[in-house]
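Student: Got input.pdb for you, PDB, N, CA and C atoms:
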```
ATOM      1  N   MET A   1       1.280 140.738  55.689
ATOM      2  CA  MET A   1       1.069 142.103  55.271
ATOM      3  C   MET A   1       0.787 142.936  56.513
ATOM      4  N   ALA A   2       1.427 144.110  56.611
ATOM      5  CA  ALA A   2       1.251 144.982  57.756
ATOM      6  C   ALA A   2      -0.110 145.664  57.697
ATOM      7  N   THR A   3      -0.696 145.844  58.863
ATOM      8  CA  THR A   3      -2.000 146.490  58.956
ATOM      9  C   THR A   3      -1.864 147.743  59.797
ATOM     10  N   ASP A   4      -2.371 148.849  59.283
ATOM     11  CA  ASP A   4      -2.368 150.101  60.033
ATOM     12  C   ASP A   4      -3.684 150.176  60.795
ATOM     13  N   TYR A   5      -3.618 149.991  62.101
ATOM     14  CA  TYR A   5      -4.829 149.961  62.915
ATOM     15  C   TYR A   5      -5.364 151.353  63.235
ATOM     16  N   ASP A   6      -4.608 152.404  62.899
ATOM     17  CA  ASP A   6      -5.059 153.767  63.170
ATOM     18  C   ASP A   6      -5.929 154.334  62.056
ATOM     19  N   THR A   7      -5.937 153.717  60.890
ATOM     20  CA  THR A   7      -6.744 154.238  59.796
ATOM     21  C   THR A   7      -8.221 153.964  60.058
ATOM     22  N   PRO A   8      -9.100 154.867  59.612
ATOM     23  CA  PRO A   8     -10.533 154.637  59.822
ATOM     24  C   PRO A   8     -11.006 153.418  59.045
ATOM     25  N   ARG A   9     -11.865 152.656  59.660
ATOM     26  CA  ARG A   9     -12.386 151.445  59.019
ATOM     27  C   ARG A   9     -13.641 151.778  58.240
ATOM     28  N   LYS A  10     -13.879 150.995  57.196
ATOM     29  CA  LYS A  10     -15.070 151.195  56.380
ATOM     30  C   LYS A  10     -16.261 150.534  57.058
ATOM     31  N   THR A  11     -17.375 151.195  56.958
ATOM     32  CA  THR A  11     -18.614 150.608  57.476
ATOM     33  C   THR A  11     -19.250 149.786  56.371
ATOM     34  N   ASP A  12     -20.325 149.094  56.690
ATOM     35  CA  ASP A  12     -21.029 148.294  55.686
ATOM     36  C   ASP A  12     -21.572 149.167  54.561
ATOM     37  N   ASP A  13     -21.979 150.403  54.885
ATOM     38  CA  ASP A  13     -22.486 151.312  53.850
ATOM     39  C   ASP A  13     -21.371 151.680  52.875
ATOM     40  N   ASP A  14     -20.156 151.900  53.388
ATOM     41  CA  ASP A  14     -19.034 152.258  52.521
ATOM     42  C   ASP A  14     -18.662 151.101  51.596
ATOM     43  N   VAL A  15     -18.705 149.905  52.117
ATOM     44  CA  VAL A  15     -18.360 148.736  51.323
ATOM     45  C   VAL A  15     -19.360 148.544  50.195
ATOM     46  N   ASP A  16     -20.636 148.761  50.467
ATOM     47  CA  ASP A  16     -21.667 148.610  49.447
ATOM     48  C   ASP A  16     -21.514 149.642  48.334
ATOM     49  N   GLN A  17     -20.944 150.791  48.651
ATOM     50  CA  GLN A  17     -20.818 151.862  47.662
ATOM     51  C   GLN A  17     -19.617 151.669  46.738
ATOM     52  N   ASP A  18     -18.672 150.801  47.090
ATOM     53  CA  ASP A  18     -17.530 150.554  46.209
ATOM     54  C   ASP A  18     -18.026 149.953  44.902
ATOM     55  N   SER A  19     -17.548 150.513  43.810
ATOM     56  CA  SER A  19     -17.983 150.002  42.516
ATOM     57  C   SER A  19     -17.243 148.709  42.186
ATOM     58  N   LEU A  20     -17.835 147.919  41.354
ATOM     59  CA  LEU A  20     -17.261 146.651  40.949
ATOM     60  C   LEU A  20     -15.931 146.872  40.226
ATOM     61  N   GLU A  21     -15.868 147.914  39.400
ATOM     62  CA  GLU A  21     -14.635 148.205  38.672
ATOM     63  C   GLU A  21     -13.507 148.582  39.629
ATOM     64  N   GLU A  22     -13.830 149.340  40.672
ATOM     65  CA  GLU A  22     -12.830 149.756  41.652
ATOM     66  C   GLU A  22     -12.278 148.538  42.403
ATOM     67  N   LEU A  23     -13.139 147.618  42.762
ATOM     68  CA  LEU A  23     -12.705 146.414  43.455
ATOM     69  C   LEU A  23     -11.822 145.544  42.557
ATOM     70  N   LYS A  24     -12.199 145.426  41.283
ATOM     71  CA  LYS A  24     -11.391 144.654  40.347
ATOM     72  C   LYS A  24     -10.016 145.297  40.164
ATOM     73  N   ALA A  25      -9.973 146.619  40.090
ATOM     74  CA  ALA A  25      -8.705 147.326  39.902
ATOM     75  C   ALA A  25      -7.786 147.112  41.100
ATOM     76  N   ARG A  26      -8.341 147.170  42.294
ATOM     77  CA  ARG A  26      -7.534 146.943  43.501
ATOM     78  C   ARG A  26      -6.972 145.527  43.522
ATOM     79  N   ARG A  27      -7.796 144.556  43.164
ATOM     80  CA  ARG A  27      -7.357 143.168  43.188
ATOM     81  C   ARG A  27      -6.266 142.926  42.143
ATOM     82  N   SER A  28      -6.422 143.492  40.942
ATOM     83  CA  SER A  28      -5.434 143.274  39.891
ATOM     84  C   SER A  28      -4.115 143.970  40.228
ATOM     85  N   ASP A  29      -4.162 145.120  40.921
ATOM     86  CA  ASP A  29      -2.939 145.808  41.313
ATOM     87  C   ASP A  29      -2.137 144.955  42.283
ATOM     88  N   LYS A  30      -2.800 144.330  43.231
ATOM     89  CA  LYS A  30      -2.105 143.499  44.213
ATOM     90  C   LYS A  30      -1.495 142.274  43.558
ATOM     91  N   THR A  31      -2.228 141.595  42.694
ATOM     92  CA  THR A  31      -1.723 140.371  42.083
ATOM     93  C   THR A  31      -0.673 140.659  41.029
ATOM     94  N   ALA A  32      -0.774 141.781  40.322
ATOM     95  CA  ALA A  32       0.186 142.094  39.271
ATOM     96  C   ALA A  32       1.576 142.305  39.853
ATOM     97  N   SER A  33       1.700 142.973  40.980
ATOM     98  CA  SER A  33       3.019 143.214  41.553
ATOM     99  C   SER A  33       3.627 141.930  42.090
ATOM    100  N   ALA A  34       2.836 141.065  42.680
ATOM    101  CA  ALA A  34       3.362 139.812  43.217
ATOM    102  C   ALA A  34       3.780 138.878  42.098
ATOM    103  N   VAL A  35       3.030 138.822  41.033
ATOM    104  CA  VAL A  35       3.344 137.936  39.930
ATOM    105  C   VAL A  35       4.608 138.404  39.221
ATOM    106  N   ALA A  36       4.781 139.700  39.047
ATOM    107  CA  ALA A  36       5.946 140.214  38.345
ATOM    108  C   ALA A  36       7.230 139.843  39.082
ATOM    109  N   VAL A  37       7.237 139.923  40.386
ATOM    110  CA  VAL A  37       8.423 139.585  41.167
ATOM    111  C   VAL A  37       8.695 138.091  41.068
ATOM    112  N   ASP A  38       7.652 137.266  41.195
ATOM    113  CA  ASP A  38       7.828 135.826  41.139
ATOM    114  C   ASP A  38       8.322 135.377  39.764
ATOM    115  N   GLU A  39       7.788 135.952  38.704
ATOM    116  CA  GLU A  39       8.211 135.574  37.363
ATOM    117  C   GLU A  39       9.661 135.938  37.125
ATOM    118  N   PHE A  40      10.100 137.087  37.634
ATOM    119  CA  PHE A  40      11.485 137.504  37.454
ATOM    120  C   PHE A  40      12.422 136.556  38.181
ATOM    121  N   ASP A  41      12.091 136.194  39.426
ATOM    122  CA  ASP A  41      12.939 135.283  40.190
ATOM    123  C   ASP A  41      13.000 133.910  39.543
ATOM    124  N   ALA A  42      11.887 133.431  39.025
ATOM    125  CA  ALA A  42      11.852 132.119  38.399
ATOM    126  C   ALA A  42      12.638 132.114  37.090
ATOM    127  N   ALA A  43      12.567 133.190  36.331
ATOM    128  CA  ALA A  43      13.240 133.249  35.038
ATOM    129  C   ALA A  43      14.745 133.438  35.179
ATOM    130  N   GLU A  44      15.188 133.943  36.309
ATOM    131  CA  GLU A  44      16.613 134.220  36.487
ATOM    132  C   GLU A  44      17.447 132.935  36.446
ATOM    133  N   GLY A  45      16.978 131.854  37.055
ATOM    134  CA  GLY A  45      17.733 130.622  37.089
ATOM    135  C   GLY A  45      17.266 129.604  36.071
ATOM    136  N   LEU A  46      16.533 130.029  35.056
ATOM    137  CA  LEU A  46      15.950 129.121  34.077
ATOM    138  C   LEU A  46      16.977 128.744  33.020
ATOM    139  N   GLU A  47      17.126 127.451  32.779
ATOM    140  CA  GLU A  47      17.994 126.964  31.707
ATOM    141  C   GLU A  47      17.120 126.577  30.521
ATOM    142  N   LEU A  48      17.480 127.025  29.366
ATOM    143  CA  LEU A  48      16.714 126.712  28.172
ATOM    144  C   LEU A  48      17.099 125.339  27.645
ATOM    145  N   PRO A  49      16.133 124.583  27.116
ATOM    146  CA  PRO A  49      16.453 123.283  26.532
ATOM    147  C   PRO A  49      17.394 123.453  25.341
ATOM    148  N   GLY A  50      18.369 122.574  25.239
ATOM    149  CA  GLY A  50      19.313 122.653  24.138
ATOM    150  C   GLY A  50      20.440 123.626  24.382
ATOM    151  N   ALA A  51      20.542 124.178  25.603
ATOM    152  CA  ALA A  51      21.615 125.120  25.907
ATOM    153  C   ALA A  51      22.951 124.385  25.905
ATOM    154  N   ASP A  52      23.999 125.068  25.486
ATOM    155  CA  ASP A  52      25.330 124.465  25.425
ATOM    156  C   ASP A  52      25.936 124.439  26.821
ATOM    157  N   LEU A  53      26.050 123.255  27.392
ATOM    158  CA  LEU A  53      26.617 123.089  28.734
ATOM    159  C   LEU A  53      27.970 122.392  28.678
ATOM    160  N   SER A  54      28.624 122.408  27.521
ATOM    161  CA  SER A  54      29.882 121.685  27.364
ATOM    162  C   SER A  54      31.001 122.280  28.211
ATOM    163  N   ASN A  55      30.930 123.553  28.561
ATOM    164  CA  ASN A  55      31.984 124.175  29.373
ATOM    165  C   ASN A  55      31.721 124.069  30.866
ATOM    166  N   GLU A  56      30.592 123.491  31.240
ATOM    167  CA  GLU A  56      30.242 123.367  32.656
ATOM    168  C   GLU A  56      30.906 122.134  33.259
ATOM    169  N   GLU A  57      31.319 122.263  34.528
ATOM    170  CA  GLU A  57      31.912 121.136  35.240
ATOM    171  C   GLU A  57      31.114 120.851  36.492
ATOM    172  N   LEU A  58      30.981 119.581  36.803
ATOM    173  CA  LEU A  58      30.332 119.178  38.041
ATOM    174  C   LEU A  58      31.410 118.734  39.018
ATOM    175  N   ALA A  59      31.310 119.223  40.231
ATOM    176  CA  ALA A  59      32.259 118.840  41.268
ATOM    177  C   ALA A  59      31.507 118.071  42.339
ATOM    178  N   VAL A  60      31.268 116.788  42.071
ATOM    179  CA  VAL A  60      30.526 115.946  42.997
ATOM    180  C   VAL A  60      31.412 114.771  43.382
ATOM    181  N   ARG A  61      31.545 114.545  44.677
ATOM    182  CA  ARG A  61      32.330 113.414  45.149
ATOM    183  C   ARG A  61      31.389 112.242  45.399
ATOM    184  N   VAL A  62      31.579 111.161  44.711
ATOM    185  CA  VAL A  62      30.727 109.994  44.835
ATOM    186  C   VAL A  62      31.427 108.976  45.725
ATOM    187  N   LEU A  63      30.721 108.558  46.769
ATOM    188  CA  LEU A  63      31.262 107.563  47.683
ATOM    189  C   LEU A  63      30.705 106.189  47.328
ATOM    190  N   PRO A  64      31.503 105.153  47.459
ATOM    191  CA  PRO A  64      30.960 103.809  47.223
ATOM    192  C   PRO A  64      30.002 103.420  48.344
ATOM    193  N   LYS A  65      29.175 102.430  48.078
ATOM    194  CA  LYS A  65      28.202 101.965  49.069
ATOM    195  C   LYS A  65      28.960 101.484  50.308
ATOM    196  N   GLN A  66      28.507 101.928  51.479
ATOM    197  CA  GLN A  66      29.155 101.576  52.739
ATOM    198  C   GLN A  66      28.657 100.218  53.233
ATOM    199  N   ALA A  67      29.331  99.681  54.240
ATOM    200  CA  ALA A  67      28.990  98.363  54.766
ATOM    201  C   ALA A  67      27.614  98.350  55.426
ATOM    202  N   ASP A  68      27.177  99.497  55.966
ATOM    203  CA  ASP A  68      25.872  99.556  56.637
ATOM    204  C   ASP A  68      24.766 100.081  55.719
ATOM    205  N   GLU A  69      24.958 100.008  54.409
ATOM    206  CA  GLU A  69      23.970 100.479  53.448
ATOM    207  C   GLU A  69      23.561  99.341  52.516
ATOM    208  N   PHE A  70      22.398  99.513  51.875
ATOM    209  CA  PHE A  70      21.914  98.533  50.913
ATOM    210  C   PHE A  70      21.247  99.262  49.758
ATOM    211  N   THR A  71      21.116  98.600  48.646
ATOM    212  CA  THR A  71      20.428  99.152  47.484
ATOM    213  C   THR A  71      19.062  98.493  47.384
ATOM    214  N   CYS A  72      18.024  99.309  47.427
ATOM    215  CA  CYS A  72      16.663  98.804  47.305
ATOM    216  C   CYS A  72      16.462  98.289  45.886
ATOM    217  N   MET A  73      15.897  97.114  45.751
ATOM    218  CA  MET A  73      15.689  96.521  44.439
ATOM    219  C   MET A  73      14.388  96.981  43.788
ATOM    220  N   SER A  74      13.656  97.868  44.464
ATOM    221  CA  SER A  74      12.447  98.423  43.872
ATOM    222  C   SER A  74      12.709  99.818  43.300
ATOM    223  N   CYS A  75      13.313 100.700  44.114
ATOM    224  CA  CYS A  75      13.575 102.073  43.657
ATOM    225  C   CYS A  75      15.037 102.284  43.258
ATOM    226  N   PHE A  76      15.905 101.323  43.578
ATOM    227  CA  PHE A  76      17.327 101.354  43.246
ATOM    228  C   PHE A  76      18.078 102.498  43.897
ATOM    229  N   LEU A  77      17.598 102.948  45.045
ATOM    230  CA  LEU A  77      18.306 103.957  45.824
ATOM    231  C   LEU A  77      19.095 103.278  46.923
ATOM    232  N   VAL A  78      20.193 103.902  47.324
ATOM    233  CA  VAL A  78      21.012 103.374  48.414
ATOM    234  C   VAL A  78      20.484 103.958  49.715
ATOM    235  N   HIS A  79      20.178 103.071  50.664
ATOM    236  CA  HIS A  79      19.632 103.466  51.962
ATOM    237  C   HIS A  79      20.500 102.910  53.077
ATOM    238  N   HIS A  80      20.366 103.518  54.260
ATOM    239  CA  HIS A  80      21.006 102.980  55.457
ATOM    240  C   HIS A  80      20.279 101.713  55.871
ATOM    241  N   ARG A  81      20.966 100.834  56.537
ATOM    242  CA  ARG A  81      20.415  99.542  56.946
ATOM    243  C   ARG A  81      19.154  99.711  57.799
ATOM    244  N   SER A  82      19.031 100.840  58.497
ATOM    245  CA  SER A  82      17.844 101.074  59.331
ATOM    246  C   SER A  82      16.576 101.263  58.496
ATOM    247  N   GLN A  83      16.708 101.528  57.189
ATOM    248  CA  GLN A  83      15.555 101.719  56.312
ATOM    249  C   GLN A  83      15.085 100.423  55.654
ATOM    250  N   LEU A  84      15.731  99.306  55.986
ATOM    251  CA  LEU A  84      15.359  98.019  55.411
ATOM    252  C   LEU A  84      14.025  97.565  55.973
ATOM    253  N   ALA A  85      13.041  97.355  55.108
ATOM    254  CA  ALA A  85      11.723  96.915  55.541
ATOM    255  C   ALA A  85      11.626  95.397  55.521
ATOM    256  N   ARG A  86      12.049  94.791  54.414
ATOM    257  CA  ARG A  86      11.970  93.330  54.281
ATOM    258  C   ARG A  86      12.815  92.911  53.093
ATOM    259  N   GLU A  87      12.908  91.632  52.919
ATOM    260  CA  GLU A  87      13.566  91.087  51.738
ATOM    261  C   GLU A  87      12.544  90.282  50.956
ATOM    262  N   LYS A  88      12.456  90.551  49.677
ATOM    263  CA  LYS A  88      11.522  89.855  48.799
ATOM    264  C   LYS A  88      12.344  89.034  47.810
ATOM    265  N   ASN A  89      12.219  87.716  47.893
ATOM    266  CA  ASN A  89      13.006  86.799  47.050
ATOM    267  C   ASN A  89      14.501  87.042  47.216
ATOM    268  N   GLY A  90      14.928  87.340  48.451
ATOM    269  CA  GLY A  90      16.340  87.574  48.732
ATOM    270  C   GLY A  90      16.828  88.954  48.349
ATOM    271  N   GLN A  91      15.947  89.820  47.859
ATOM    272  CA  GLN A  91      16.314  91.178  47.439
ATOM    273  C   GLN A  91      15.816  92.185  48.472
ATOM    274  N   PRO A  92      16.680  93.101  48.947
ATOM    275  CA  PRO A  92      16.246  94.076  49.963
ATOM    276  C   PRO A  92      15.270  95.106  49.404
ATOM    277  N   ILE A  93      14.271  95.443  50.231
ATOM    278  CA  ILE A  93      13.260  96.458  49.886
ATOM    279  C   ILE A  93      13.242  97.485  51.006
ATOM    280  N   CYS A  94      13.257  98.770  50.649
ATOM    281  CA  CYS A  94      13.276  99.843  51.652
ATOM    282  C   CYS A  94      11.868 100.095  52.199
ATOM    283  N   ARG A  95      11.807 100.887  53.263
ATOM    284  CA  ARG A  95      10.510 101.206  53.888
ATOM    285  C   ARG A  95       9.617 102.021  52.967
ATOM    286  N   ASP A  96      10.187 102.873  52.136
ATOM    287  CA  ASP A  96       9.377 103.703  51.234
ATOM    288  C   ASP A  96       8.680 102.866  50.179
ATOM    289  N   CYS A  97       9.303 101.789  49.738
ATOM    290  CA  CYS A  97       8.734 100.948  48.682
ATOM    291  C   CYS A  97       7.871  99.814  49.232
ATOM    292  N   ASP A  98       7.936  99.562  50.512
ATOM    293  CA  ASP A  98       7.199  98.452  51.103
ATOM    294  C   ASP A  98       5.718  98.716  51.155
TER     295      ASP A  98
END
```
What is this structure when it is put down as structure tokens?

Tutor:
Amino acid sequence: MATDYDTPRKTDDDVDQDSLEELKARRSDKTASAVAVDEFDAAEGLELPGADLSNEELAVRVLPKQADEFTCMSCFLVHHRSQLAREKNGQPICRDCD
């Protein structure tokens, strides 16, 4: 947030004179504008449960597991050979699951 350093600053006496209602109003004004923008942005890309997605297409190219990759038998994700932590009962385990 930008600060205008040329504006007069409040002294301790001025701060004590601010009413509780005035302080609450200032705080609610600041939070209300920020929340309204965030809620709008979040709602824009929101998909409702049960929405009809039958006309949607996914364009994802799936590659088969490469020679230098393995499938972790704990999390079932495909990792590069450099992520191999150990083998448990002959089954590869990645560093994240170790």

Student: Let me have the centre and edge lengths in Å, one decimal, of the box along x, y and z around every listed atom of range 58-61 of chain A with 6 Å of margin on each side, as lines of an AutoDock Vina configuration file.

Tutor:
```
center_x = 31.3
center_y = 115.9
center_z = 41.1
size_x = 14.0
size_y = 19.3
size_z = 20.6
```

Student: Enter the distance from atom C of His79 in chain A to CA of Leu58 in chain A, in Å, rounded to one decimal.

Tutor: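 Result for atom C of His79 in chain A versus CA of Leu58 in chain A: 24.2 Å, one decimal.
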
Student: Determine the residue membership of the PyMOL selection byres (((chain A and resi 66 and name CA) around 10) and name CA) for the file above and supply it as a PyMOL selection string.

Tutor: chain A and resi 63-65+67-70+78-81

Student: Report, in Å with one decimal, the straight-line distance from atom N of Cys97 in chain A to atom C of Val62 in chain A.

Tutor: 23.6 Å

Student: When the PyMOL selection byres (((chain A and resi 86-88 and name CA) around 12) and name CA) is applied to the structure above, which residues does it catch, written out as JSON, numbers by chain?

Tutor: {"A": [70, 71, 72, 73, 74, 81, 82, 83, 84, 85, 89, 90, 91, 92, 93, 94, 95, 96, 97, 98]}

Student: Report, in Å with one decimal, the straight-line distance from atom N of Leu46 in chain A to atom C of Arg27 in chain A.

Tutor: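 Going from atom N of Leu46 in chain A over to atom C of Arg27 in chain A covers 27.1 Å.
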